[in-house]
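> Data: protein-v1.tsv, TSV, N, CA and C atoms.
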```tsv
chain	number	residue	atom	x	y	z
U	1	MET	N	290.36	282.70	4.95
U	1	MET	CA	291.64	283.31	4.68
U	1	MET	C	291.90	284.41	5.71
U	2	ALA	N	293.00	284.33	6.38
U	2	ALA	CA	293.38	285.37	7.32
U	2	ALA	C	294.25	286.41	6.61
U	3	ASN	N	294.32	287.59	7.21
U	3	ASN	CA	295.19	288.64	6.70
U	3	ASN	C	294.97	288.92	5.22
U	4	THR	N	293.75	289.23	4.85
U	4	THR	CA	293.47	289.51	3.45
U	4	THR	C	293.73	290.98	3.13
U	5	SER	N	294.03	291.25	1.88
U	5	SER	CA	294.19	292.61	1.39
U	5	SER	C	293.85	292.65	-0.09
U	6	TYR	N	293.83	293.85	-0.66
U	6	TYR	CA	293.36	294.06	-2.03
U	6	TYR	C	294.31	295.01	-2.74
U	7	GLU	N	294.44	294.80	-4.06
U	7	GLU	CA	295.24	295.69	-4.90
U	7	GLU	C	294.61	295.78	-6.28
U	8	LYS	N	294.66	296.96	-6.87
U	8	LYS	CA	294.33	297.14	-8.29
U	8	LYS	C	295.64	297.49	-8.99
U	9	LEU	N	296.01	296.66	-9.96
U	9	LEU	CA	297.29	296.80	-10.64
U	9	LEU	C	297.07	297.18	-12.10
U	10	ALA	N	297.64	298.30	-12.52
U	10	ALA	CA	297.60	298.72	-13.92
U	10	ALA	C	298.60	297.89	-14.71
U	11	VAL	N	298.16	297.38	-15.87
U	11	VAL	CA	299.02	296.54	-16.72
U	11	VAL	C	299.07	297.18	-18.10
U	12	THR	N	300.27	297.56	-18.51
U	12	THR	CA	300.45	298.24	-19.80
U	12	THR	C	301.25	297.34	-20.75
U	13	PRO	N	301.23	297.68	-22.04
U	13	PRO	CA	302.03	296.90	-23.01
U	13	PRO	C	303.48	297.36	-23.07
U	14	SER	N	303.84	298.44	-22.37
U	14	SER	CA	305.19	298.99	-22.51
U	14	SER	C	306.22	298.30	-21.62
U	15	SER	N	305.82	297.80	-20.45
U	15	SER	CA	306.77	297.10	-19.59
U	15	SER	C	306.04	296.18	-18.63
U	16	ALA	N	306.71	295.11	-18.22
U	16	ALA	CA	306.10	294.14	-17.32
U	16	ALA	C	305.94	294.75	-15.93
U	17	ALA	N	304.83	294.41	-15.29
U	17	ALA	CA	304.54	294.90	-13.93
U	17	ALA	C	304.63	293.75	-12.94
U	18	SER	N	305.12	294.05	-11.75
U	18	SER	CA	305.15	293.11	-10.64
U	18	SER	C	304.05	293.50	-9.66
U	19	LEU	N	303.81	292.66	-8.69
U	19	LEU	CA	302.80	292.96	-7.68
U	19	LEU	C	303.35	294.06	-6.78
U	20	ALA	N	302.65	295.19	-6.74
U	20	ALA	CA	303.13	296.36	-6.03
U	20	ALA	C	302.86	296.30	-4.53
U	21	SER	N	301.79	295.63	-4.13
U	21	SER	CA	301.37	295.65	-2.72
U	21	SER	C	301.27	294.26	-2.12
U	22	LEU	N	302.14	293.37	-2.50
U	22	LEU	CA	302.11	292.00	-2.00
U	22	LEU	C	302.42	291.97	-0.51
U	23	PRO	N	301.46	291.56	0.33
U	23	PRO	CA	301.74	291.46	1.76
U	23	PRO	C	302.75	290.33	2.02
U	24	LYS	N	303.62	290.52	2.99
U	24	LYS	CA	304.69	289.55	3.28
U	24	LYS	C	304.15	288.18	3.66
U	25	SER	N	302.97	288.13	4.28
U	25	SER	CA	302.43	286.85	4.74
U	25	SER	C	301.56	286.15	3.70
U	26	SER	N	301.34	286.77	2.54
U	26	SER	CA	300.46	286.18	1.54
U	26	SER	C	301.10	285.00	0.83
U	27	THR	N	300.32	283.93	0.73
U	27	THR	CA	300.74	282.75	-0.02
U	27	THR	C	299.71	282.40	-1.09
U	28	TYR	N	298.72	283.28	-1.28
U	28	TYR	CA	297.62	283.02	-2.20
U	28	TYR	C	297.12	284.35	-2.74
U	29	ALA	N	296.74	284.36	-4.02
U	29	ALA	CA	296.10	285.53	-4.60
U	29	ALA	C	295.08	285.10	-5.65
U	30	PHE	N	293.95	285.78	-5.64
U	30	PHE	CA	292.90	285.59	-6.64
U	30	PHE	C	292.91	286.82	-7.53
U	31	PHE	N	293.01	286.60	-8.85
U	31	PHE	CA	293.14	287.68	-9.83
U	31	PHE	C	291.92	287.73	-10.73
U	32	SER	N	291.46	288.93	-11.05
U	32	SER	CA	290.42	289.16	-12.04
U	32	SER	C	291.00	290.09	-13.11
U	33	VAL	N	290.97	289.66	-14.37
U	33	VAL	CA	291.54	290.43	-15.48
U	33	VAL	C	290.44	291.32	-16.07
U	34	GLU	N	290.73	292.61	-16.20
U	34	GLU	CA	289.75	293.54	-16.73
U	34	GLU	C	290.34	294.39	-17.85
U	35	ASP	N	289.50	294.77	-18.76
U	35	ASP	CA	289.77	295.76	-19.81
U	35	ASP	C	290.54	295.26	-21.02
U	36	ASP	N	291.49	294.35	-20.87
U	36	ASP	CA	292.27	293.87	-22.01
U	36	ASP	C	292.98	292.57	-21.62
U	37	ASP	N	293.59	291.91	-22.60
U	37	ASP	CA	294.26	290.64	-22.39
U	37	ASP	C	295.67	290.84	-21.81
U	38	ILE	N	296.14	289.83	-21.09
U	38	ILE	CA	297.47	289.89	-20.48
U	38	ILE	C	298.21	288.58	-20.67
U	39	ARG	N	299.51	288.61	-20.40
U	39	ARG	CA	300.32	287.40	-20.27
U	39	ARG	C	301.04	287.50	-18.92
U	40	VAL	N	301.28	286.32	-18.34
U	40	VAL	CA	301.82	286.23	-16.99
U	40	VAL	C	302.94	285.20	-16.93
U	41	ARG	N	303.94	285.50	-16.11
U	41	ARG	CA	304.98	284.51	-15.77
U	41	ARG	C	305.21	284.56	-14.27
U	42	ILE	N	305.58	283.42	-13.70
U	42	ILE	CA	305.85	283.35	-12.27
U	42	ILE	C	307.27	282.86	-11.97
U	43	ASP	N	308.12	282.91	-12.98
U	43	ASP	CA	309.51	282.47	-12.79
U	43	ASP	C	310.47	283.64	-12.64
U	44	GLY	N	309.94	284.86	-12.53
U	44	GLY	CA	310.77	286.05	-12.38
U	44	GLY	C	311.20	286.67	-13.68
U	45	THR	N	310.94	286.00	-14.81
U	45	THR	CA	311.27	286.54	-16.13
U	45	THR	C	310.09	287.37	-16.63
U	46	ALA	N	310.38	288.49	-17.24
U	46	ALA	CA	309.33	289.35	-17.75
U	46	ALA	C	308.63	288.70	-18.95
U	47	PRO	N	307.31	288.65	-18.93
U	47	PRO	CA	306.60	288.15	-20.11
U	47	PRO	C	306.64	289.19	-21.22
U	48	THR	N	306.28	288.76	-22.42
U	48	THR	CA	306.14	289.68	-23.55
U	48	THR	C	304.71	289.55	-24.08
U	49	ALA	N	304.39	290.31	-25.08
U	49	ALA	CA	303.05	290.25	-25.67
U	49	ALA	C	302.76	288.88	-26.28
U	50	SER	N	303.81	288.10	-26.57
U	50	SER	CA	303.61	286.78	-27.17
U	50	SER	C	304.15	285.62	-26.35
U	51	GLU	N	304.74	285.89	-25.20
U	51	GLU	CA	305.33	284.83	-24.38
U	51	GLU	C	304.87	284.94	-22.93
U	52	GLY	N	304.40	283.84	-22.40
U	52	GLY	CA	303.86	283.78	-21.05
U	52	GLY	C	302.48	283.14	-21.10
U	53	ILE	N	301.90	282.93	-19.96
U	53	ILE	CA	300.57	282.31	-19.90
U	53	ILE	C	299.53	283.38	-20.19
U	54	PHE	N	298.65	283.09	-21.15
U	54	PHE	CA	297.66	284.06	-21.62
U	54	PHE	C	296.39	284.01	-20.77
U	55	PHE	N	295.90	285.18	-20.42
U	55	PHE	CA	294.58	285.33	-19.80
U	55	PHE	C	293.86	286.47	-20.49
U	56	GLY	N	292.62	286.23	-20.86
U	56	GLY	CA	291.82	287.23	-21.55
U	56	GLY	C	291.02	288.09	-20.58
U	57	ALA	N	290.60	289.24	-21.07
U	57	ALA	CA	289.73	290.11	-20.28
U	57	ALA	C	288.51	289.30	-19.85
U	58	GLY	N	288.17	289.36	-18.58
U	58	GLY	CA	287.06	288.60	-18.04
U	58	GLY	C	287.48	287.30	-17.38
U	59	ASP	N	288.71	286.86	-17.60
U	59	ASP	CA	289.22	285.65	-16.94
U	59	ASP	C	289.55	285.95	-15.49
U	60	SER	N	289.57	284.90	-14.70
U	60	SER	CA	290.07	284.99	-13.33
U	60	SER	C	290.93	283.76	-13.08
U	61	PHE	N	291.89	283.90	-12.17
U	61	PHE	CA	292.80	282.80	-11.89
U	61	PHE	C	293.39	282.96	-10.50
U	62	GLU	N	294.01	281.89	-10.01
U	62	GLU	CA	294.65	281.88	-8.70
U	62	GLU	C	296.14	281.63	-8.87
U	63	VAL	N	296.91	282.20	-7.98
U	63	VAL	CA	298.33	281.89	-7.89
U	63	VAL	C	298.60	281.52	-6.44
U	64	CYS	N	299.26	280.40	-6.24
U	64	CYS	CA	299.55	279.90	-4.90
U	64	CYS	C	301.05	279.80	-4.68
U	65	GLY	N	301.48	280.13	-3.50
U	65	GLY	CA	302.88	280.00	-3.12
U	65	GLY	C	303.60	281.33	-3.07
U	66	LEU	N	304.35	281.54	-2.01
U	66	LEU	CA	305.06	282.79	-1.80
U	66	LEU	C	306.05	283.07	-2.93
U	67	ALA	N	306.80	282.06	-3.37
U	67	ALA	CA	307.78	282.27	-4.45
U	67	ALA	C	307.09	282.66	-5.75
U	68	ALA	N	305.98	281.99	-6.06
U	68	ALA	CA	305.25	282.31	-7.29
U	68	ALA	C	304.73	283.75	-7.26
U	69	LEU	N	304.23	284.18	-6.12
U	69	LEU	CA	303.73	285.56	-6.00
U	69	LEU	C	304.87	286.57	-6.05
U	70	ALA	N	305.97	286.27	-5.39
U	70	ALA	CA	307.11	287.19	-5.40
U	70	ALA	C	307.72	287.33	-6.79
U	71	ASN	N	307.64	286.28	-7.61
U	71	ASN	CA	308.20	286.31	-8.97
U	71	ASN	C	307.18	286.68	-10.04
U	72	PHE	N	305.94	286.96	-9.67
U	72	PHE	CA	304.85	287.25	-10.60
U	72	PHE	C	305.17	288.50	-11.42
U	73	LYS	N	305.01	288.39	-12.73
U	73	LYS	CA	305.13	289.53	-13.64
U	73	LYS	C	304.06	289.40	-14.71
U	74	THR	N	303.54	290.55	-15.16
U	74	THR	CA	302.48	290.56	-16.16
U	74	THR	C	302.67	291.72	-17.13
U	75	ILE	N	302.10	291.56	-18.33
U	75	ILE	CA	302.15	292.61	-19.35
U	75	ILE	C	300.88	292.52	-20.20
U	76	ALA	N	300.43	293.65	-20.71
U	76	ALA	CA	299.29	293.65	-21.64
U	76	ALA	C	299.77	293.13	-22.99
U	77	THR	N	298.87	292.46	-23.73
U	77	THR	CA	299.29	291.77	-24.95
U	77	THR	C	299.24	292.63	-26.21
U	78	ASP	N	298.55	293.76	-26.17
U	78	ASP	CA	298.51	294.61	-27.37
U	78	ASP	C	298.61	296.07	-26.95
U	79	THR	N	298.07	296.97	-27.71
U	79	THR	CA	298.25	298.40	-27.44
U	79	THR	C	297.37	298.93	-26.31
U	80	GLY	N	296.38	298.17	-25.88
U	80	GLY	CA	295.49	298.63	-24.81
U	80	GLY	C	296.05	298.32	-23.44
U	81	ASN	N	295.53	299.04	-22.44
U	81	ASN	CA	295.90	298.80	-21.06
U	81	ASN	C	294.90	297.86	-20.41
U	82	ALA	N	295.37	297.05	-19.51
U	82	ALA	CA	294.52	296.14	-18.74
U	82	ALA	C	294.65	296.51	-17.27
U	83	SER	N	293.81	295.92	-16.46
U	83	SER	CA	293.99	296.05	-15.02
U	83	SER	C	293.70	294.71	-14.37
U	84	LEU	N	294.37	294.48	-13.27
U	84	LEU	CA	294.15	293.29	-12.46
U	84	LEU	C	293.57	293.74	-11.13
U	85	LYS	N	292.49	293.11	-10.72
U	85	LYS	CA	291.95	293.29	-9.38
U	85	LYS	C	292.40	292.06	-8.60
U	86	ILE	N	293.06	292.26	-7.48
U	86	ILE	CA	293.72	291.17	-6.77
U	86	ILE	C	293.30	291.14	-5.31
U	87	ASN	N	292.89	289.98	-4.84
U	87	ASN	CA	292.67	289.74	-3.42
U	87	ASN	C	293.77	288.82	-2.93
U	88	TYR	N	294.48	289.25	-1.90
U	88	TYR	CA	295.55	288.47	-1.31
U	88	TYR	C	295.07	287.79	-0.03
U	89	GLY	N	295.70	286.67	0.29
U	89	GLY	CA	295.41	285.99	1.54
U	89	GLY	C	296.44	284.92	1.80
U	90	GLU	N	296.11	284.05	2.73
U	90	GLU	CA	296.99	282.94	3.08
U	90	GLU	C	296.28	281.64	2.75
U	91	ASP	N	296.97	280.76	2.04
U	91	ASP	CA	296.44	279.45	1.72
U	91	ASP	C	296.94	278.48	2.78
U	92	GLY	N	296.04	278.10	3.67
U	92	GLY	CA	296.43	277.25	4.79
U	92	GLY	C	296.94	275.89	4.38
U	93	SER	N	296.58	275.40	3.21
U	93	SER	CA	297.01	274.06	2.81
U	93	SER	C	298.50	274.02	2.47
U	94	ARG	N	299.01	275.09	1.90
U	94	ARG	CA	300.41	275.19	1.49
U	94	ARG	C	300.85	274.04	0.58
U	95	ASN	N	299.89	273.36	-0.02
U	95	ASN	CA	300.21	272.24	-0.90
U	95	ASN	C	300.48	272.68	-2.33
U	96	LYS	N	299.84	273.75	-2.77
U	96	LYS	CA	300.00	274.19	-4.15
U	96	LYS	C	301.05	275.29	-4.21
U	97	ILE	N	301.96	275.15	-5.14
U	97	ILE	CA	302.98	276.18	-5.33
U	97	ILE	C	303.08	276.48	-6.82
U	98	GLY	N	302.89	277.73	-7.18
U	98	GLY	CA	303.03	278.16	-8.55
U	98	GLY	C	302.00	277.56	-9.49
U	99	ILE	N	300.82	277.30	-9.00
U	99	ILE	CA	299.78	276.70	-9.84
U	99	ILE	C	298.80	277.76	-10.28
U	100	PHE	N	298.55	277.82	-11.58
U	100	PHE	CA	297.51	278.69	-12.11
U	100	PHE	C	296.27	277.86	-12.26
U	101	ASN	N	295.18	278.36	-11.81
U	101	ASN	CA	293.91	277.64	-11.89
U	101	ASN	C	292.89	278.57	-12.52
U	102	ARG	N	292.67	278.43	-13.81
U	102	ARG	CA	291.68	279.29	-14.48
U	102	ARG	C	290.32	278.91	-13.96
U	103	VAL	N	289.60	279.89	-13.43
U	103	VAL	CA	288.31	279.61	-12.82
U	103	VAL	C	287.15	280.24	-13.59
U	104	SER	N	287.40	280.80	-14.76
U	104	SER	CA	286.29	281.35	-15.53
U	104	SER	C	285.87	280.41	-16.63
```
Could you express the structure from this file as structure tokens?

Amino acid sequence: MANTSYEKLAVTPSSAASLASLPKSSTYAFFSVEDDDIRVRIDGTAPTASEGIFFGAGDSFEVCGLAALANFKTIATDTGNASLKINYGEDGSRNKIGIFNRVS
């Protein structure tokens, strides 16, 4: 992966968060969920505590495609705060777009 970078994103239950440090050239991101459960959407709509794709604390997943990353939003599912550790890069295949791949 060329042009890699890293971000730690705080995820709260009060409002959906977008990727704050998404590099313009990134087409791939690997996420690690820590501290609490989250929900995620990649269609630009804000998830809620009960709507969106669920990932639990300790899960990891991938998001591929510039549009999916640009539209990424996440929220914590209950009263606790979560954090996402994110590694960004470029997916040379460019075949996958908006695919979540749970790897845990």
> Kindly assemble as CSV a list of the stretch 73-92 of chain U residues that lie within 12 Å of stretch 41-53 of chain U, each paired with its nearest atom pair and their distance in Å to one decimal, using only C-alpha atoms, sorted first by chain and then by ascending residue number.

```
residue,atom,partner,partner_atom,distance
U:Lys73,CA,U:Arg41,CA,5.5
U:Thr74,CA,U:Pro47,CA,6.2
U:Ile75,CA,U:Pro47,CA,6.3
U:Ala76,CA,U:Ala49,CA,6.5
U:Thr77,CA,U:Ala49,CA,4.1
U:Asp78,CA,U:Ala49,CA,6.5
U:Thr79,CA,U:Ala49,CA,9.6
U:Gly80,CA,U:Ala49,CA,11.3
```
> List every residue of chain U that DSSP, applied to the backbone of this structure, places in strand (DSSP E), and write the result as a VMD selection string.
chain U and resid 5 to 11 17 to 18 28 to 34 38 to 41 53 to 55 60 to 64 73 to 76 82 to 89
> Write out as a ChimeraX atom specification which residues come within 7 Å of U:Ser21 when counting all atoms listed in the file, dropping same-chain ones fewer than 3 positions away.
/U:7,18,24
> DSSP on the backbone, alpha helix (DSSP H) only: what residues of chain U does that give? Format it as JSON, numbers by chain.
{"U": [66, 67, 68, 69, 70]}
> Of the candidates U:Ala20, U:Val63, U:Ala68, U:Val40, which one gets nearest to U:Lys8 if we count only N, CA and C atoms?
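Looking at the shortest contact to U:Lys8, the residue is U:Ala20.
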